[in-house]
Amino acid sequence: KGFWTGFYFWVLMMEYNTNLLDEDELPTSWSELNEDKWANKVVVADPYKSSSGLGFVKGLVKMHGWDWIEKLAKNNVLVQTSGPGVHQSVLKGERLVGAPVSSFHSKTASQGGPVAMAIDEVLFAATSTISVTNDAPNPEGGELLVDYLLSKEAGDKYLSYGWFACHDEVPGPYGLPAAGDLKMKFPGPPSIGMPGPDVAAKFHEILQAN
């Protein structure tokens with residue numbers, strides 16, 4: 001309804017270790033990550049402790065159902081406790097492919113680290129938003145702050161953190177497309193009609209069973 005405005009965002013992307021995989025060996029889609037050839041090679045974040053991990057599980061369940069997750073578990077997927085841990089596992093070569101938050105990927109890529117986007121489609125975007133409430137003690141000051149956070153000047157600063165700016169004149173973070181060129185499976189974290197804790201609990205039940 002226009003009450004909230006996005007000013008920066010990150011995406012859940014798929015990355016790979018460029019020292020360990022050639023371009024002709026890469027996955028071609030998110031759906032492929034549970035195939036036998038990727039057994040012992042994939043890392044994701046724990047949906048109990050990571051919003052990116054929860055979004056990953058919801059996204060793949062929405063696309064393919066819980067059977068897809070069961071097959072992923074049988075392939076010995078590595079589950080890290082945090083989003084940064086996913087990126088570190090790929091960077092260190094513990095796993096060849098992972099689903100990290102884009103900001104961690106961009107910072108390492110800008111420093112020459114051996115990571116790159118595996119496919120050009122991201123799973124979803126997670127946007128930080130801002131609003132001025134109707135009972136704000138200083139609405140004029142609040143509006144000035146909002147105007148600044150939405151400006152190109154502020155957008156250029158977001159790049160230093162590996163974030164995408166919600167401004168069409170600001171390029172994408174290092175190693176990533178511009179915001180307007182992103183291909184997204186879902187515009188935001190997907191919903192599958194289950195509370196987050198229930199999604200995480202079912203994910204862990206499947207892991208333990210396999």
# chains A, B, ... in the order shown; residues from 1 in each chain; ligands from 1
call {"tool": "residues_around", "arguments": {"residues": "Val77 in chain A", "least_positions_apart": "4", "cutoff": "10 Å", "atoms": "only C-alpha atoms", "output": "list in words"}}
result
Leu33, Asn34, Trp38, Ala39, Asn40, Lys41, Val42, Val43, Val44, Ile69, Lys71, Leu72, Ala73, Arg95, Gly98 and Leu207 of chain A
call {"tool": "closest_residue", "arguments": {"among": "A:Tyr158, A:Tyr16, A:Lys107, A:Glu35", "to": "Asn75 in chain A", "atoms": "only C-alpha atoms"}}
result
A:Glu35
call {"tool": "select_by_dssp", "arguments": {"residues": "range 13-155 of chain A", "states": "strand (DSSP E or B)", "output": "number ranges by chain"}}
result
A: 15-17, 42-45, 78-80, 97-98, 101, 115-117, 121-122, 124-130
call {"tool": "residues_around", "arguments": {"residues": "Asn210 in chain A", "least_positions_apart": "4", "cutoff": "8 Å", "atoms": "only C-alpha atoms", "output": "number ranges by chain"}}
result
A: 70, 73-74, 206
call {"tool": "closest_atom_pairs", "arguments": {"of": "range 90-196 of chain A", "to": "range 5-15 of chain A", "cutoff": "7 Å", "atoms": "only C-alpha atoms", "output": "tab-separated table"}}
result
residue	atom	partner	partner_atom	distance
A:Val97	CA	A:Glu15	CA	5.8
A:Gly98	CA	A:Glu15	CA	5.6
A:Ala99	CA	A:Met14	CA	4.7
A:Pro100	CA	A:Leu12	CA	5.9
A:Val101	CA	A:Leu12	CA	4.9
A:Ser102	CA	A:Val11	CA	5.5
A:Ser103	CA	A:Trp10	CA	6.5
A:Val115	CA	A:Glu15	CA	6.5
A:Ala116	CA	A:Glu15	CA	5.4
A:Met117	CA	A:Glu15	CA	4.5
A:Ala118	CA	A:Glu15	CA	4.9
A:Ile119	CA	A:Met14	CA	6.4
A:Val122	CA	A:Met13	CA	4.7
A:Leu123	CA	A:Leu12	CA	5.5
A:Phe124	CA	A:Val11	CA	5.7
A:Ala125	CA	A:Val11	CA	4.3
A:Ala126	CA	A:Phe9	CA	5.4
A:Thr127	CA	A:Phe9	CA	4.2
A:Ser128	CA	A:Gly6	CA	5.6
A:Thr129	CA	A:Gly6	CA	4.1
A:Ile130	CA	A:Thr5	CA	5.4
A:Ser131	CA	A:Thr5	CA	6.6
A:Leu149	CA	A:Phe7	CA	6.3
A:Leu150	CA	A:Phe7	CA	5.5
A:Trp163	CA	A:Trp10	CA	5.6
A:Phe164	CA	A:Phe9	CA	5.2
A:Ala165	CA	A:Tyr8	CA	4.5
A:Cys166	CA	A:Phe7	CA	4.9
call {"tool": "write_last_selection", "arguments": {"atoms": "N, CA, C and O atoms", "output": "compact mmCIF listing (two decimals), in the first residue's frame"}}
result
# COMPACT_ATOMS: atom_id res chain seq x y z
N VAL A 97 29.48 -26.36 -4.25
CA VAL A 97 28.38 -25.47 -4.59
C VAL A 97 27.60 -25.15 -3.32
O VAL A 97 27.42 -26.01 -2.46
N GLY A 98 27.12 -23.90 -3.21
CA GLY A 98 26.34 -23.53 -2.04
C GLY A 98 25.33 -22.45 -2.37
O GLY A 98 25.32 -21.90 -3.47
N ALA A 99 24.48 -22.17 -1.38
CA ALA A 99 23.45 -21.14 -1.52
C ALA A 99 23.67 -20.07 -0.46
O ALA A 99 23.01 -20.07 0.57
N PRO A 100 24.59 -19.13 -0.71
CA PRO A 100 24.89 -18.10 0.27
C PRO A 100 24.10 -16.81 0.02
O PRO A 100 23.50 -16.61 -1.04
N VAL A 101 24.15 -15.92 0.99
CA VAL A 101 23.65 -14.56 0.82
C VAL A 101 24.63 -13.81 -0.07
O VAL A 101 25.85 -13.93 0.08
N SER A 102 24.12 -13.02 -0.99
CA SER A 102 24.95 -12.39 -2.01
C SER A 102 26.01 -11.45 -1.45
O SER A 102 27.09 -11.30 -2.05
N SER A 103 25.76 -10.81 -0.32
CA SER A 103 26.73 -9.84 0.20
C SER A 103 28.05 -10.50 0.60
O SER A 103 29.13 -9.94 0.38
N VAL A 115 35.42 -17.61 -6.09
CA VAL A 115 33.98 -17.88 -6.09
C VAL A 115 33.32 -17.10 -7.22
O VAL A 115 33.78 -16.03 -7.60
N ALA A 116 32.22 -17.66 -7.75
CA ALA A 116 31.47 -16.99 -8.81
C ALA A 116 30.04 -17.52 -8.80
O ALA A 116 29.75 -18.55 -8.18
N MET A 117 29.15 -16.79 -9.47
CA MET A 117 27.76 -17.25 -9.61
C MET A 117 27.74 -18.52 -10.44
O MET A 117 28.35 -18.59 -11.50
N ALA A 118 27.00 -19.51 -9.96
CA ALA A 118 26.89 -20.76 -10.70
C ALA A 118 25.81 -20.70 -11.78
O ALA A 118 25.98 -21.23 -12.87
N ILE A 119 24.67 -20.08 -11.45
CA ILE A 119 23.60 -19.85 -12.42
C ILE A 119 23.16 -18.40 -12.31
O ILE A 119 23.39 -17.76 -11.29
N VAL A 122 18.63 -16.04 -9.27
CA VAL A 122 18.66 -16.09 -7.81
C VAL A 122 17.33 -16.62 -7.32
O VAL A 122 16.32 -16.56 -8.01
N LEU A 123 17.33 -17.15 -6.09
CA LEU A 123 16.11 -17.78 -5.59
C LEU A 123 15.09 -16.74 -5.14
O LEU A 123 13.91 -16.83 -5.47
N PHE A 124 15.53 -15.72 -4.40
CA PHE A 124 14.63 -14.66 -3.95
C PHE A 124 15.44 -13.48 -3.45
O PHE A 124 16.66 -13.58 -3.26
N ALA A 125 14.77 -12.36 -3.23
CA ALA A 125 15.39 -11.16 -2.66
C ALA A 125 14.80 -10.90 -1.28
O ALA A 125 13.63 -11.16 -1.03
N ALA A 126 15.63 -10.40 -0.38
CA ALA A 126 15.19 -10.00 0.96
C ALA A 126 15.49 -8.51 1.12
O ALA A 126 16.65 -8.10 1.12
N THR A 127 14.46 -7.72 1.22
CA THR A 127 14.59 -6.26 1.16
C THR A 127 14.49 -5.61 2.53
O THR A 127 13.61 -5.96 3.32
N SER A 128 15.37 -4.66 2.79
CA SER A 128 15.25 -3.81 3.97
C SER A 128 14.41 -2.60 3.60
O SER A 128 14.65 -1.96 2.58
N THR A 129 13.42 -2.29 4.43
CA THR A 129 12.47 -1.23 4.11
C THR A 129 12.47 -0.15 5.18
O THR A 129 12.94 -0.37 6.30
N ILE A 130 11.91 0.99 4.82
CA ILE A 130 11.85 2.11 5.75
C ILE A 130 10.50 2.80 5.62
O ILE A 130 9.86 2.77 4.56
N SER A 131 10.04 3.40 6.72
CA SER A 131 8.79 4.12 6.73
C SER A 131 8.87 5.22 7.79
O SER A 131 9.68 5.14 8.72
N LEU A 149 18.34 7.86 2.26
CA LEU A 149 18.55 6.42 2.12
C LEU A 149 18.11 5.91 0.75
O LEU A 149 18.58 4.86 0.29
N LEU A 150 17.24 6.63 0.10
CA LEU A 150 16.78 6.25 -1.25
C LEU A 150 17.61 6.91 -2.35
O LEU A 150 17.38 6.64 -3.53
N TRP A 163 25.62 -5.09 -0.90
CA TRP A 163 24.17 -5.04 -1.02
C TRP A 163 23.75 -4.45 -2.36
O TRP A 163 24.48 -3.65 -2.96
N PHE A 164 22.56 -4.81 -2.80
CA PHE A 164 21.94 -4.17 -3.96
C PHE A 164 21.20 -2.92 -3.48
O PHE A 164 20.51 -2.94 -2.47
N ALA A 165 21.32 -1.84 -4.23
CA ALA A 165 20.57 -0.62 -3.93
C ALA A 165 19.25 -0.64 -4.68
O ALA A 165 19.18 -1.09 -5.82
N CYS A 166 18.20 -0.17 -4.03
CA CYS A 166 16.89 -0.03 -4.70
C CYS A 166 16.86 1.30 -5.46
O CYS A 166 16.01 2.16 -5.22
call {"tool": "closest_residue", "arguments": {"among": "A:His105, A:Lys185, A:Lys157, A:Lys202", "to": "Met63 in chain A", "atoms": "only C-alpha atoms"}}
result
A:Lys185
call {"tool": "select_by_dssp", "arguments": {"residues": "chain A", "states": "alpha helix (DSSP H)", "output": "PyMOL selection string"}}
result
chain A and resi 51-64+66-74+83-91+102-110+139-149+152-158+196-209
call {"tool": "closest_residue", "arguments": {"among": "A:Ser50, A:Ser106, A:Ser31, A:Asn19", "to": "Val86 in chain A", "atoms": "only C-alpha atoms"}}
result
A:Ser50
call {"tool": "closest_residue", "arguments": {"among": "A:Lys1, A:Lys92, A:Lys49, A:Lys58", "to": "Gly193 in chain A", "atoms": "only C-alpha atoms"}}
result
A:Lys58
call {"tool": "closest_residue", "arguments": {"among": "A:His167, A:His64, A:His204, A:His87", "to": "Trp30 in chain A", "atoms": "only C-alpha atoms"}}
result
A:His64
call {"tool": "residues_around", "arguments": {"residues": "Gly85 in chain A", "least_positions_apart": "2", "cutoff": "10 Å", "atoms": "only C-alpha atoms", "output": "list in words"}}
result
Val43, Val44, Ala45, Asp46, Val79, Gln80, Thr81, Ser82, Gly83, His87, Gln88, Ser89, Val90, Leu91, Gly98, Pro100 and Phe104 of chain A
call {"tool": "atom_distance", "arguments": {"atom1": "CA of Tyr48 in chain A", "atom2": "CA of Ala201 in chain A"}}
result
7.6 Å
call {"tool": "residues_around", "arguments": {"residues": "Lys62 in chain A", "least_positions_apart": "4", "cutoff": "10 Å", "atoms": "only C-alpha atoms", "output": "mmCIF file with N, CA and C atoms, in the first residue's frame"}}
result
data_model
loop_
_atom_site.group_PDB
_atom_site.id
_atom_site.type_symbol
_atom_site.label_atom_id
_atom_site.label_comp_id
_atom_site.auth_asym_id
_atom_site.auth_seq_id
_atom_site.Cartn_x
_atom_site.Cartn_y
_atom_site.Cartn_z
ATOM 1 N N PHE A 56 15.618 -20.890 1.524
ATOM 2 C CA PHE A 56 16.017 -21.942 0.592
ATOM 3 C C PHE A 56 15.066 -23.123 0.670
ATOM 4 N N VAL A 57 14.792 -23.592 1.889
ATOM 5 C CA VAL A 57 13.906 -24.748 2.058
ATOM 6 C C VAL A 57 12.512 -24.426 1.531
ATOM 7 N N LYS A 58 11.976 -23.270 1.892
ATOM 8 C CA LYS A 58 10.638 -22.900 1.431
ATOM 9 C C LYS A 58 10.582 -22.821 -0.092
ATOM 10 N N TRP A 66 8.274 -31.685 -0.618
ATOM 11 C CA TRP A 66 9.214 -32.180 0.383
ATOM 12 C C TRP A 66 10.021 -33.373 -0.101
ATOM 13 N N PRO A 190 9.658 -16.994 -0.249
ATOM 14 C CA PRO A 190 8.382 -17.641 -0.564
ATOM 15 C C PRO A 190 7.670 -18.179 0.668
ATOM 16 N N SER A 191 6.368 -18.366 0.529
ATOM 17 C CA SER A 191 5.554 -18.935 1.596
ATOM 18 C C SER A 191 4.998 -20.278 1.145
ATOM 19 N N ILE A 192 4.975 -21.232 2.081
ATOM 20 C CA ILE A 192 4.395 -22.542 1.764
ATOM 21 C C ILE A 192 3.273 -22.890 2.730
ATOM 22 N N GLY A 193 2.759 -21.892 3.442
ATOM 23 C CA GLY A 193 1.621 -22.114 4.325
ATOM 24 C C GLY A 193 1.960 -22.804 5.628
#
call {"tool": "atom_distance", "arguments": {"atom1": "CA of Asn76 in chain A", "atom2": "CA of Glu205 in chain A"}}
result
14.1 Å
call {"tool": "closest_residue", "arguments": {"among": "A:Ala209, A:Val146, A:Val170, A:Leu21", "to": "Gly93 in chain A", "atoms": "only C-alpha atoms"}}
result
A:Leu21
call {"tool": "residues_around", "arguments": {"residues": "Ser110 in chain A", "least_positions_apart": "6", "cutoff": "10 Å", "atoms": "only C-alpha atoms", "output": "list in words"}}
result
Ser160, Gly162, Pro173, Tyr174 and Gly175 of chain A
call {"tool": "write_last_selection", "arguments": {"atoms": "all heavy atoms", "output": "short mmCIF file (atom, residue, chain, number, x, y, z; two decimals), in the first residue's frame"}}
result
data_model
loop_
_atom_site.label_atom_id
_atom_site.label_comp_id
_atom_site.auth_asym_id
_atom_site.auth_seq_id
_atom_site.Cartn_x
_atom_site.Cartn_y
_atom_site.Cartn_z
N SER A 160 29.46 -1.13 -0.97
CA SER A 160 30.65 -1.50 -0.19
C SER A 160 30.36 -2.65 0.76
O SER A 160 31.28 -3.32 1.23
CB SER A 160 31.19 -0.30 0.58
OG SER A 160 30.26 0.14 1.57
N GLY A 162 28.27 -5.06 -0.22
CA GLY A 162 27.82 -6.15 -1.08
C GLY A 162 26.32 -6.19 -1.26
O GLY A 162 25.77 -7.18 -1.74
N PRO A 173 26.29 -5.10 -6.89
CA PRO A 173 27.53 -5.32 -6.14
C PRO A 173 28.56 -6.07 -7.00
O PRO A 173 28.21 -6.69 -8.01
CB PRO A 173 27.07 -6.19 -4.95
CG PRO A 173 25.60 -6.02 -4.88
CD PRO A 173 25.14 -5.77 -6.28
N TYR A 174 29.79 -6.02 -6.59
CA TYR A 174 30.87 -6.64 -7.35
C TYR A 174 30.55 -8.11 -7.65
O TYR A 174 30.15 -8.87 -6.76
CB TYR A 174 32.18 -6.56 -6.58
CG TYR A 174 33.37 -7.03 -7.38
CD1 TYR A 174 34.13 -6.13 -8.11
CD2 TYR A 174 33.71 -8.38 -7.44
CE1 TYR A 174 35.22 -6.55 -8.86
CE2 TYR A 174 34.79 -8.82 -8.19
CZ TYR A 174 35.54 -7.90 -8.91
OH TYR A 174 36.61 -8.33 -9.66
N GLY A 175 30.70 -8.49 -8.90
CA GLY A 175 30.49 -9.87 -9.31
C GLY A 175 29.06 -10.28 -9.52
O GLY A 175 28.78 -11.45 -9.79
#
call {"tool": "atom_distance", "arguments": {"atom1": "CA of Val61 in chain A", "atom2": "CA of Pro197 in chain A"}}
result
14.9 Å
